[in-house]
$ cat upload-v4.cif   # mmCIF, C-alpha atoms and all ligand atoms
data_start
#
loop_
_atom_site.label_atom_id
_atom_site.label_comp_id
_atom_site.auth_asym_id
_atom_site.auth_seq_id
_atom_site.Cartn_x
_atom_site.Cartn_y
_atom_site.Cartn_z
CA MET A 1 0.00 0.00 0.00
CA LYS A 2 3.11 2.24 0.08
CA GLY A 3 2.27 5.72 -1.17
CA LYS A 4 -1.33 4.87 -2.03
CA LYS A 5 -3.71 7.70 -1.22
CA VAL A 6 -6.87 6.76 0.65
CA LEU A 7 -9.60 9.28 1.44
CA ILE A 8 -12.04 8.20 4.12
CA GLY A 9 -15.41 9.92 4.55
CA ILE A 10 -17.10 9.21 7.88
CA THR A 11 -20.82 9.78 8.42
CA GLY A 12 -22.95 9.76 11.56
CA SER A 13 -23.30 6.21 12.78
CA ILE A 14 -22.15 4.34 15.85
CA ALA A 15 -19.95 2.23 13.54
CA ALA A 16 -17.73 5.31 13.15
CA TYR A 17 -15.82 4.04 16.20
CA LYS A 18 -14.28 1.38 13.95
CA ILE A 19 -12.65 3.88 11.60
CA PRO A 20 -9.63 4.81 13.78
CA PHE A 21 -8.69 1.11 13.67
CA LEU A 22 -8.93 1.16 9.87
CA VAL A 23 -6.83 4.33 9.65
CA ARG A 24 -4.18 2.65 11.81
CA LEU A 25 -4.09 -0.42 9.61
CA LEU A 26 -3.73 1.73 6.48
CA VAL A 27 -1.03 3.97 7.93
CA LYS A 28 0.86 0.90 9.17
CA ALA A 29 0.75 -0.42 5.61
CA GLU A 30 2.35 2.90 4.51
CA ALA A 31 -0.74 4.30 2.79
CA GLU A 32 -1.37 8.03 2.98
CA VAL A 33 -4.73 8.64 4.64
CA LYS A 34 -6.90 11.74 4.80
CA VAL A 35 -10.18 11.89 6.64
CA ILE A 36 -13.28 14.00 6.15
CA MET A 37 -16.33 13.67 8.31
CA THR A 38 -19.82 15.02 8.71
CA LEU A 39 -20.75 17.09 11.74
CA SER A 40 -22.77 14.21 13.17
CA ALA A 41 -19.87 11.78 12.65
CA ALA A 42 -17.81 14.05 14.92
CA GLU A 43 -20.33 13.24 17.68
CA PHE A 44 -19.45 9.56 17.43
CA VAL A 45 -15.69 9.68 16.96
CA SER A 46 -13.19 12.37 17.81
CA PRO A 47 -11.57 14.31 14.93
CA LEU A 48 -8.49 14.61 17.16
CA VAL A 49 -8.07 10.81 17.26
CA LEU A 50 -8.40 10.63 13.49
CA SER A 51 -6.03 13.50 12.75
CA THR A 52 -3.47 12.02 15.16
CA LEU A 53 -3.66 8.59 13.54
CA SER A 54 -3.79 9.83 9.95
CA LYS A 55 -1.17 12.58 10.53
CA HIS A 56 -3.36 14.99 8.57
CA ASP A 57 -5.95 17.60 9.50
CA VAL A 58 -9.48 16.26 9.48
CA SER A 59 -11.92 18.28 7.38
CA ILE A 60 -15.50 18.70 8.52
CA ASN A 61 -16.79 21.95 7.04
CA LEU A 62 -16.40 23.59 3.65
CA SER A 63 -14.99 26.57 5.52
CA SER A 64 -13.86 26.65 9.09
CA GLU A 65 -12.44 29.75 10.75
CA ASN A 66 -10.02 31.18 8.18
CA THR A 67 -9.45 28.14 6.01
CA TRP A 68 -11.34 26.73 3.10
CA SER A 69 -11.35 23.01 2.32
CA ASN A 70 -10.76 22.42 -1.35
CA HIS A 71 -13.29 19.70 -2.00
CA VAL A 72 -12.36 19.34 -5.68
CA MET A 73 -8.70 18.72 -4.96
CA LEU A 74 -9.41 16.15 -2.21
CA GLY A 75 -11.35 13.94 -4.62
CA ARG A 76 -8.63 14.30 -7.25
CA TRP A 77 -5.86 13.60 -4.74
CA ALA A 78 -7.17 10.20 -3.71
CA ASP A 79 -6.54 6.84 -5.40
CA ILE A 80 -9.71 5.66 -3.72
CA MET A 81 -12.43 7.20 -1.57
CA LEU A 82 -14.17 5.05 1.05
CA ILE A 83 -17.33 6.30 2.71
CA ALA A 84 -17.58 4.33 5.94
CA PRO A 85 -19.79 4.08 7.80
CA ALA A 86 -22.20 5.14 5.07
CA SER A 87 -25.43 6.03 6.87
CA CYS A 88 -28.86 5.55 5.34
CA ASN A 89 -29.13 9.34 5.05
CA THR A 90 -25.79 9.77 3.23
CA ILE A 91 -26.57 6.86 0.90
CA ALA A 92 -29.84 8.60 -0.05
CA LYS A 93 -27.97 11.86 -0.65
CA MET A 94 -25.34 10.12 -2.77
CA ALA A 95 -27.98 8.45 -4.91
CA ASN A 96 -29.72 11.78 -5.48
CA GLY A 97 -26.82 14.21 -5.72
CA ILE A 98 -27.69 16.24 -2.64
CA CYS A 99 -24.81 18.49 -1.70
CA ASP A 100 -25.29 19.89 1.80
CA ASN A 101 -21.97 19.30 3.53
CA LEU A 102 -18.25 18.97 2.80
CA LEU A 103 -18.39 15.20 2.51
CA MET A 104 -21.10 15.38 -0.15
CA SER A 105 -19.21 18.10 -2.09
CA VAL A 106 -16.10 15.92 -2.09
CA TYR A 107 -18.12 12.87 -3.12
CA LEU A 108 -19.86 14.68 -5.96
CA SER A 109 -16.63 16.10 -7.35
CA ALA A 110 -14.43 13.03 -6.78
CA THR A 111 -12.79 11.58 -9.89
CA CYS A 112 -11.35 8.55 -8.07
CA PRO A 113 -13.05 5.16 -7.67
CA LEU A 114 -15.50 4.99 -4.79
CA MET A 115 -16.27 2.36 -2.18
CA LEU A 116 -18.88 2.51 0.56
CA ALA A 117 -19.58 0.45 3.66
CA PRO A 118 -23.20 0.85 4.78
CA ALA A 119 -24.12 0.69 8.46
CA MET A 120 -27.65 0.79 9.86
CA ASP A 121 -30.33 -1.13 11.68
CA GLU A 122 -31.86 -4.12 10.00
CA ASP A 123 -35.26 -2.55 9.35
CA MET A 124 -33.62 0.39 7.60
CA TRP A 125 -31.38 -2.02 5.70
CA ASN A 126 -34.44 -3.87 4.43
CA HIS A 127 -36.38 -0.75 3.42
CA PRO A 128 -37.10 -0.66 -0.35
CA SER A 129 -35.84 2.94 -0.63
CA LEU A 130 -32.44 1.90 0.77
CA LYS A 131 -32.32 -1.08 -1.58
CA LYS A 132 -33.12 1.21 -4.53
CA ASN A 133 -30.46 3.74 -3.50
CA ILE A 134 -27.81 1.03 -3.12
CA GLN A 135 -28.70 -0.25 -6.59
CA THR A 136 -28.33 3.28 -7.99
CA LEU A 137 -24.90 3.61 -6.40
CA GLN A 138 -23.85 0.27 -7.86
CA GLN A 139 -25.00 1.51 -11.25
CA PHE A 140 -22.75 4.55 -10.72
CA GLY A 141 -19.93 1.99 -10.56
CA HIS A 142 -19.35 2.26 -6.80
CA GLN A 143 -18.23 -0.80 -4.90
CA VAL A 144 -20.42 -1.66 -1.91
CA VAL A 145 -18.76 -3.53 0.94
CA GLU A 146 -21.71 -5.55 2.13
CA SER A 147 -22.98 -5.12 5.68
CA GLU A 148 -22.77 -8.14 7.93
CA TYR A 149 -25.08 -10.08 10.20
CA GLY A 150 -24.57 -9.52 13.90
CA GLU A 151 -25.34 -7.44 16.94
CA LEU A 152 -26.62 -3.97 16.09
CA ALA A 153 -26.51 -0.74 18.09
CA SER A 154 -30.21 -1.13 18.83
CA GLY A 155 -29.49 -4.36 20.68
CA LEU A 156 -31.23 -6.34 17.96
CA ILE A 157 -29.43 -9.03 16.04
CA GLY A 158 -29.63 -8.87 12.26
CA MET A 159 -28.21 -7.47 9.00
CA GLY A 160 -26.81 -3.96 8.79
CA ARG A 161 -23.63 -4.18 10.83
CA MET A 162 -20.76 -2.41 9.08
CA ALA A 163 -17.93 -4.65 7.90
CA GLU A 164 -15.01 -4.85 10.33
CA PRO A 165 -11.92 -2.63 9.83
CA GLU A 166 -9.84 -5.66 8.78
CA LYS A 167 -12.36 -6.48 6.06
CA LEU A 168 -12.42 -2.84 4.84
CA PHE A 169 -8.63 -2.82 4.79
CA GLN A 170 -8.62 -6.02 2.76
CA GLU A 171 -11.12 -4.64 0.22
CA ILE A 172 -9.10 -1.43 -0.22
CA GLU A 173 -5.87 -3.39 -0.60
CA LEU A 174 -7.45 -5.74 -3.12
CA PHE A 175 -8.80 -2.84 -5.14
CA LEU A 176 -5.58 -0.82 -5.14
CA ASN A 177 -3.38 -3.78 -5.99
CA LYS A 178 -5.70 -5.17 -8.63
CA LYS A 179 -3.59 -6.25 -11.53
CA LYS A 180 -3.95 -3.90 -14.47
CA ARG A 181 -4.62 -6.06 -17.51
CA LEU A 182 -3.84 -3.69 -20.39
CA ILE A 183 -0.39 -2.47 -19.39
CA GLY A 184 1.77 -2.03 -22.48
CA LYS A 185 -1.24 -1.63 -24.80
CA LYS A 186 -2.16 1.55 -26.67
CA ALA A 187 -5.61 2.59 -27.81
CA LEU A 188 -7.08 5.27 -30.02
CA VAL A 189 -10.48 6.48 -28.84
CA THR A 190 -12.59 9.01 -30.72
CA ALA A 191 -15.33 10.78 -28.80
CA GLY A 192 -17.80 13.63 -28.92
CA PRO A 193 -19.45 15.40 -31.84
CA THR A 194 -17.84 17.17 -34.77
CA TYR A 195 -18.76 20.69 -35.88
CA GLU A 196 -18.75 21.52 -39.58
CA ASN A 197 -18.33 25.24 -40.16
CA LEU A 198 -20.65 27.16 -42.47
CA ASP A 199 -19.18 30.59 -41.83
CA PRO A 200 -17.18 32.20 -38.97
CA VAL A 201 -20.16 31.99 -36.58
CA ARG A 202 -22.26 28.99 -37.64
CA PHE A 203 -21.75 25.26 -37.84
CA ILE A 204 -23.61 21.99 -38.36
CA GLY A 205 -23.22 19.74 -35.32
CA ASN A 206 -24.96 17.10 -33.23
CA HIS A 207 -25.94 16.50 -29.61
CA SER A 208 -23.20 14.03 -28.70
CA SER A 209 -21.71 14.84 -25.27
CA GLY A 210 -18.63 12.65 -25.55
CA LYS A 211 -19.55 11.02 -22.22
CA MET A 212 -19.54 7.41 -23.46
CA GLY A 213 -16.21 7.77 -25.30
CA ILE A 214 -14.53 9.50 -22.36
CA ALA A 215 -15.85 6.79 -20.01
CA ILE A 216 -14.34 4.13 -22.32
CA ALA A 217 -11.01 5.98 -22.47
CA GLU A 218 -10.95 6.18 -18.66
CA ALA A 219 -11.96 2.54 -18.17
CA LEU A 220 -9.20 1.43 -20.57
CA ALA A 221 -6.68 3.71 -18.85
CA ASN A 222 -7.69 2.30 -15.46
CA GLU A 223 -6.44 -1.05 -16.79
CA GLY A 224 -3.08 0.53 -17.63
CA CYS A 225 -3.74 1.15 -21.35
CA GLU A 226 -2.20 4.31 -22.86
CA ILE A 227 -4.85 6.33 -24.64
CA GLU A 228 -4.83 8.75 -27.55
CA LEU A 229 -8.22 10.42 -27.14
CA VAL A 230 -9.30 12.40 -30.19
CA LEU A 231 -12.06 14.53 -28.77
CA GLY A 232 -14.53 16.66 -30.70
CA PRO A 233 -16.02 19.88 -29.28
CA SER A 234 -17.34 18.56 -25.98
CA HIS A 235 -17.49 20.50 -22.71
CA LEU A 236 -16.31 17.35 -20.95
CA SER A 237 -12.72 16.32 -20.47
CA THR A 238 -10.58 13.98 -18.40
CA LYS A 239 -7.42 14.38 -16.38
CA HIS A 240 -6.39 10.73 -16.35
CA PRO A 241 -2.58 10.60 -16.51
CA LEU A 242 -2.61 7.86 -19.18
CA ILE A 243 -4.89 9.79 -21.52
CA ASN A 244 -3.44 12.18 -24.08
CA ILE A 245 -6.17 14.39 -25.52
CA THR A 246 -6.09 15.87 -29.01
CA ARG A 247 -8.89 18.39 -29.37
CA VAL A 248 -10.44 18.65 -32.82
CA THR A 249 -13.46 20.39 -34.30
CA SER A 250 -14.32 18.99 -37.72
CA ALA A 251 -14.64 15.48 -39.16
CA GLN A 252 -11.57 16.12 -41.33
CA GLN A 253 -9.51 17.12 -38.27
CA MET A 254 -10.72 14.02 -36.40
CA TYR A 255 -9.75 11.90 -39.41
CA ASP A 256 -6.27 13.48 -39.62
CA ALA A 257 -5.62 13.12 -35.87
CA SER A 258 -6.80 9.48 -35.89
CA ILE A 259 -4.82 8.45 -38.97
CA ALA A 260 -1.69 10.04 -37.51
CA VAL A 261 -1.62 7.66 -34.54
CA PHE A 262 -3.52 4.49 -35.49
CA ASP A 263 -0.49 2.67 -36.84
CA GLN A 264 1.08 2.55 -33.37
CA MET A 265 -2.12 1.43 -31.65
CA ASN A 266 -3.19 -2.03 -30.51
CA LEU A 267 -6.84 -1.06 -30.74
CA GLY A 268 -9.25 1.66 -31.77
CA VAL A 269 -12.66 2.48 -30.31
CA MET A 270 -14.58 4.84 -32.57
CA SER A 271 -17.27 6.27 -30.35
CA ALA A 272 -17.43 9.76 -31.86
CA ALA A 273 -20.58 10.97 -33.57
CA VAL A 274 -18.80 12.12 -36.71
CA ALA A 275 -20.69 14.32 -39.18
CA ASP A 276 -21.39 12.35 -42.35
CA TYR A 277 -21.58 15.55 -44.41
CA THR A 278 -19.86 18.92 -44.36
CA PRO A 279 -20.64 22.16 -46.23
CA LEU A 280 -19.01 22.15 -49.66
CA THR A 281 -17.75 25.67 -49.09
CA VAL A 282 -17.15 27.65 -45.92
CA SER A 283 -17.92 31.34 -46.22
CA GLU A 284 -15.09 33.57 -45.02
CA SER A 285 -17.51 36.23 -43.87
CA LYS A 286 -20.78 35.86 -42.00
CA ILE A 287 -23.58 34.77 -44.33
CA LYS A 288 -26.21 37.52 -44.44
CA LYS A 289 -29.93 36.89 -44.31
CA LYS A 290 -31.78 37.32 -47.62
CA ASP A 291 -35.44 37.21 -48.64
CA GLU A 292 -35.20 34.04 -50.69
CA GLU A 293 -34.70 30.51 -49.31
CA PHE A 294 -31.22 29.37 -48.49
CA THR A 295 -29.72 26.04 -49.55
CA ILE A 296 -26.51 24.53 -48.25
CA GLN A 297 -24.66 22.13 -50.47
CA LEU A 298 -23.03 19.34 -48.49
CA THR A 299 -20.28 16.96 -49.39
CA LYS A 300 -19.43 13.65 -47.72
CA THR A 301 -16.84 13.51 -44.97
CA LYS A 302 -14.29 10.72 -44.74
CA ASP A 303 -15.47 7.70 -42.76
CA ILE A 304 -12.74 7.26 -40.15
CA LEU A 305 -13.86 3.83 -38.94
CA LYS A 306 -14.17 2.52 -42.49
CA HIS A 307 -10.74 3.83 -43.44
CA LEU A 308 -9.10 2.34 -40.34
CA GLY A 309 -10.92 -0.94 -41.08
CA SER A 310 -9.34 -0.99 -44.54
CA ILE A 311 -5.79 -0.45 -43.25
CA LYS A 312 -5.88 -2.29 -39.94
CA LYS A 313 -3.31 -4.99 -39.37
CA GLU A 314 -4.04 -8.55 -38.28
CA ASN A 315 -3.17 -7.82 -34.64
CA GLN A 316 -5.14 -4.57 -34.39
CA LEU A 317 -8.61 -4.57 -32.90
CA LEU A 318 -11.20 -2.11 -34.20
CA ILE A 319 -14.50 -1.33 -32.51
CA GLY A 320 -17.24 0.93 -33.83
CA PHE A 321 -20.56 2.23 -32.60
CA ALA A 322 -23.96 2.29 -34.24
CA LEU A 323 -26.78 4.54 -33.12
CA GLU A 324 -29.99 3.42 -34.80
CA ASN A 325 -33.72 3.90 -34.46
CA LYS A 326 -35.04 1.15 -36.72
CA ASP A 327 -33.88 -2.26 -37.95
CA GLU A 328 -31.15 -1.84 -35.37
CA LYS A 329 -29.57 -5.29 -35.62
CA THR A 330 -29.58 -5.32 -39.44
CA TYR A 331 -27.83 -1.94 -39.60
CA ALA A 332 -25.37 -2.85 -36.85
CA LEU A 333 -24.38 -6.04 -38.69
CA LYS A 334 -24.12 -4.11 -41.95
CA LYS A 335 -21.70 -1.63 -40.33
CA LEU A 336 -19.70 -4.49 -38.80
CA LYS A 337 -19.15 -5.96 -42.25
CA GLU A 338 -18.84 -2.84 -44.39
CA LYS A 339 -16.43 -1.08 -42.04
CA ASN A 340 -14.40 -4.27 -41.41
CA ALA A 341 -14.69 -3.78 -37.64
CA ASP A 342 -14.12 -6.55 -35.11
CA ALA A 343 -17.14 -5.47 -33.09
CA ILE A 344 -19.97 -2.98 -33.29
CA ILE A 345 -21.60 -1.58 -30.18
CA LEU A 346 -25.22 -0.82 -30.89
CA ASN A 347 -27.32 1.64 -28.97
CA SER A 348 -30.88 2.06 -30.02
CA LEU A 349 -32.64 5.40 -29.90
CA ASN A 350 -35.78 3.42 -29.01
CA ASP A 351 -34.44 2.33 -25.62
CA GLU A 352 -35.50 4.60 -22.80
CA GLY A 353 -32.50 6.11 -21.01
CA ALA A 354 -30.14 5.38 -23.92
CA GLY A 355 -28.38 7.76 -26.30
CA PHE A 356 -26.79 11.19 -26.37
CA ALA A 357 -28.59 13.11 -23.66
CA HIS A 358 -28.49 10.47 -20.94
CA ASP A 359 -26.05 9.40 -18.25
CA THR A 360 -27.21 5.86 -18.86
CA ASN A 361 -27.09 3.68 -21.95
CA LYS A 362 -28.22 0.28 -23.15
CA ILE A 363 -25.98 -1.57 -25.56
CA THR A 364 -25.65 -4.77 -27.52
CA ILE A 365 -22.23 -5.85 -28.77
CA PHE A 366 -22.05 -7.67 -32.11
CA GLU A 367 -18.81 -9.48 -32.81
CA LYS A 368 -17.36 -10.61 -36.13
CA ASP A 369 -17.79 -14.30 -35.23
CA GLY A 370 -21.55 -13.83 -34.75
CA THR A 371 -21.49 -13.50 -30.94
CA GLU A 372 -24.13 -11.10 -29.68
CA THR A 373 -24.10 -9.78 -26.09
CA ALA A 374 -26.88 -7.57 -24.74
CA PHE A 375 -26.42 -5.52 -21.58
CA PRO A 376 -29.16 -4.01 -19.40
CA LEU A 377 -29.54 -0.25 -18.87
CA LYS A 378 -26.53 0.96 -16.90
CA THR A 379 -24.53 4.13 -16.35
CA LYS A 380 -22.11 4.93 -19.16
CA GLN A 381 -19.22 4.40 -16.72
CA GLN A 382 -20.47 0.93 -15.81
CA LEU A 383 -20.98 0.02 -19.47
CA ALA A 384 -17.50 1.29 -20.27
CA ILE A 385 -16.17 -1.23 -17.74
CA ASP A 386 -18.23 -3.99 -19.43
CA ILE A 387 -16.85 -2.99 -22.84
CA VAL A 388 -13.30 -3.03 -21.47
CA GLU A 389 -13.89 -6.52 -20.01
CA LYS A 390 -14.80 -7.63 -23.56
CA ILE A 391 -11.72 -5.92 -24.99
CA ILE A 392 -9.53 -7.74 -22.43
CA GLU A 393 -11.17 -11.01 -23.51
CA TRP A 394 -10.49 -10.24 -27.21
CA THR A 395 -6.89 -9.13 -26.69
CA ALA A 396 -5.98 -12.04 -24.39
N1 LIG B 401 -17.80 6.97 -38.10
C1 LIG B 401 -16.55 7.44 -38.42
N2 LIG B 401 -16.41 8.42 -39.38
C2 LIG B 401 -17.50 8.92 -39.99
C3 LIG B 401 -18.77 8.45 -39.66
C4 LIG B 401 -18.89 7.47 -38.71
O1 LIG B 401 -15.56 6.98 -37.85
N3 LIG B 401 -17.32 9.89 -40.89
C5 LIG B 401 -17.91 5.89 -37.11
C6 LIG B 401 -18.56 6.29 -35.81
O2 LIG B 401 -17.63 6.79 -34.88
C7 LIG B 401 -19.17 4.98 -35.37
C8 LIG B 401 -19.53 4.29 -36.65
O3 LIG B 401 -18.73 4.89 -37.65
O4 LIG B 401 -18.24 4.17 -34.68
C9 LIG B 401 -20.97 4.37 -37.06
O5 LIG B 401 -21.34 5.66 -37.29
P1 LIG B 401 -22.80 6.04 -37.85
O6 LIG B 401 -22.85 7.51 -38.07
O7 LIG B 401 -23.84 5.46 -36.95
O8 LIG B 401 -22.82 5.25 -39.19
P2 LIG B 401 -22.74 5.73 -40.63
O9 LIG B 401 -21.77 4.83 -41.30
O10 LIG B 401 -22.40 7.18 -40.69
O11 LIG B 401 -24.15 5.41 -41.19
P3 LIG B 401 -25.58 6.11 -40.96
O12 LIG B 401 -25.32 7.52 -40.53
O13 LIG B 401 -26.22 5.98 -42.29
O14 LIG B 401 -26.25 5.28 -39.92
#
$ encode --input "upload-v4.cif" --output "structure tokens"
Amino acid sequence: MKGKKVLIGITGSIAAYKIPFLVRLLVKAEAEVKVIMTLSAAEFVSPLVLSTLSKHDVSINLSSENTWSNHVMLGRWADIMLIAPASCNTIAKMANGICDNLLMSVYLSATCPLMLAPAMDEDMWNHPSLKKNIQTLQQFGHQVVESEYGELASGLIGMGRMAEPEKLFQEIELFLNKKKRLIGKKALVTAGPTYENLDPVRFIGNHSSGKMGIAIAEALANEGCEIELVLGPSHLSTKHPLINITRVTSAQQMYDASIAVFDQMNLGVMSAAVADYTPLTVSESKIKKKDEEFTIQLTKTKDILKHLGSIKKENQLLIGFALENKDEKTYALKKLKEKNADAIILNSLNDEGAGFAHDTNKITIFEKDGTETAFPLKTKQQLAIDIVEKIIEWTA
């Protein structure tokens, strides 16, 4: 665990008394530990004990006296954030994005993987709202360290007891030391929309956010893969150290940036929503409004996926996307063949919660050998992990 950065968020629950033991175990294993807690957690366990054991100040408020806790940097600093004990209340806030204390601000801005260890009485544990919230958090990609059966603070015996510090330590260690399976591999990922200029102020574009492609780039990078991310005009970005971003605007620029690097790549994932057409001419000055109708003549852009499919080498893997709203499977299979891809990931516009504007997506993967794998509706981050699992299978 030497040098690994662990951020622990403590919420108000009697199980908070176990956290100093966990901090000790982590520090003994040479991890760097920082602790944040809610005001009610401070009623159960002393911040002084935690700051002494962790050798760092413990943050409770967004601002206290003359200092301000930088919640964004805390979540970026950590290799992992563990919320333990995670009370029923905090779990509900996490599932619904409620930001009313420092811990929630850190959680909502954290870019590191997240683990939580729930603690509560059995009746709360069995409540359908808690079950639903836990499911939501799992869909966000968070790892839940299951509560255990045993004596509860109420004196009752049942489910809801927070996992012991040794178990939490083990889970953190397992996660941080998980073998990265794509070390030494390089991948090109295209993401986001493209904008095709009409004049200095107007363009033809689409609603792609780039979220799915960025999630794939991050999931690949989390397995140690080096990424060349060719990103269209998206307001999203990523700071992953293994991801090199080349920002482009038009389909032609995306083509040029992709062609420039593909030869050195082991795989390519073409998730960008590339414009199929671009204006034949771009006016140097702003086009003025006239009385008569206005027609734009469009010319075809280069199909990046198809071109890469035509030049790819035997040991290169190429994956494309298909966004369809009718005869989905037929079109997906047609793209798989015509673009010489190894797999096509289909998302249908007919599936609720899938597509550009959503944080969730529903996909089916069609492989060259006829294998077809359908996934249920999940967050784009969770699906990215599923896609990467497939990629690991294919590159093994
Ligand atoms: N694609 C690409 N370059 C283009 C157009 C598409 O690399 N100029 C890639 C996309 O990134 C995606 C796949 O091709 O991986 C499918 O894109 P899509 O637009 O759905 O397919 P098209 O071939 O453009 O067909 P259509 O628009 O008729 O569905």
$ residues_near_ligand --input "upload-v4.cif" --ligand "ligand LIG 401 (chain B)" --cutoff "6 Å" --atoms "all atoms listed in the file" --output "ChimeraX atom specification"
/A:270-276,301-305,320-323
$ write_last_selection --input "upload-v4.cif" --atoms "C-alpha atoms" --output "mmCIF file, keeping the file's coordinate frame"
data_model
loop_
_atom_site.group_PDB
_atom_site.id
_atom_site.type_symbol
_atom_site.label_atom_id
_atom_site.label_comp_id
_atom_site.auth_asym_id
_atom_site.auth_seq_id
_atom_site.Cartn_x
_atom_site.Cartn_y
_atom_site.Cartn_z
ATOM 1 C CA MET A 270 -14.580 4.840 -32.570
ATOM 2 C CA SER A 271 -17.270 6.270 -30.350
ATOM 3 C CA ALA A 272 -17.430 9.760 -31.860
ATOM 4 C CA ALA A 273 -20.580 10.970 -33.570
ATOM 5 C CA VAL A 274 -18.800 12.120 -36.710
ATOM 6 C CA ALA A 275 -20.690 14.320 -39.180
ATOM 7 C CA ASP A 276 -21.390 12.350 -42.350
ATOM 8 C CA THR A 301 -16.840 13.510 -44.970
ATOM 9 C CA LYS A 302 -14.290 10.720 -44.740
ATOM 10 C CA ASP A 303 -15.470 7.700 -42.760
ATOM 11 C CA ILE A 304 -12.740 7.260 -40.150
ATOM 12 C CA LEU A 305 -13.860 3.830 -38.940
ATOM 13 C CA GLY A 320 -17.240 0.930 -33.830
ATOM 14 C CA PHE A 321 -20.560 2.230 -32.600
ATOM 15 C CA ALA A 322 -23.960 2.290 -34.240
ATOM 16 C CA LEU A 323 -26.780 4.540 -33.120
#
$ atom_distance --input "upload-v4.cif" --atom1 "atom CA of Asp327 of chain A" --atom2 "atom CA of Ile345 of chain A"
14.5 Å
$ atom_distance --input "upload-v4.cif" --atom1 "atom CA of Arg161 of chain A" --atom2 "atom CA of Ala119 of chain A"
5.4 Å
$ closest_atom_pairs --input "upload-v4.cif" --of "segment 202-308 of chain A" --to "segment 103-113 of chain A" --cutoff "10 Å" --atoms "only C-alpha atoms" --output "CSV"
residue,atom,partner,partner_atom,distance
A:Asn222,CA,A:Pro113,CA,9.9
A:Thr238,CA,A:Thr111,CA,9.1
A:Lys239,CA,A:Thr111,CA,8.9
A:His240,CA,A:Thr111,CA,9.1
$ atom_distance --input "upload-v4.cif" --atom1 "atom CA of Gly184 of chain A" --atom2 "atom CA of Met212 of chain A"
23.3 Å
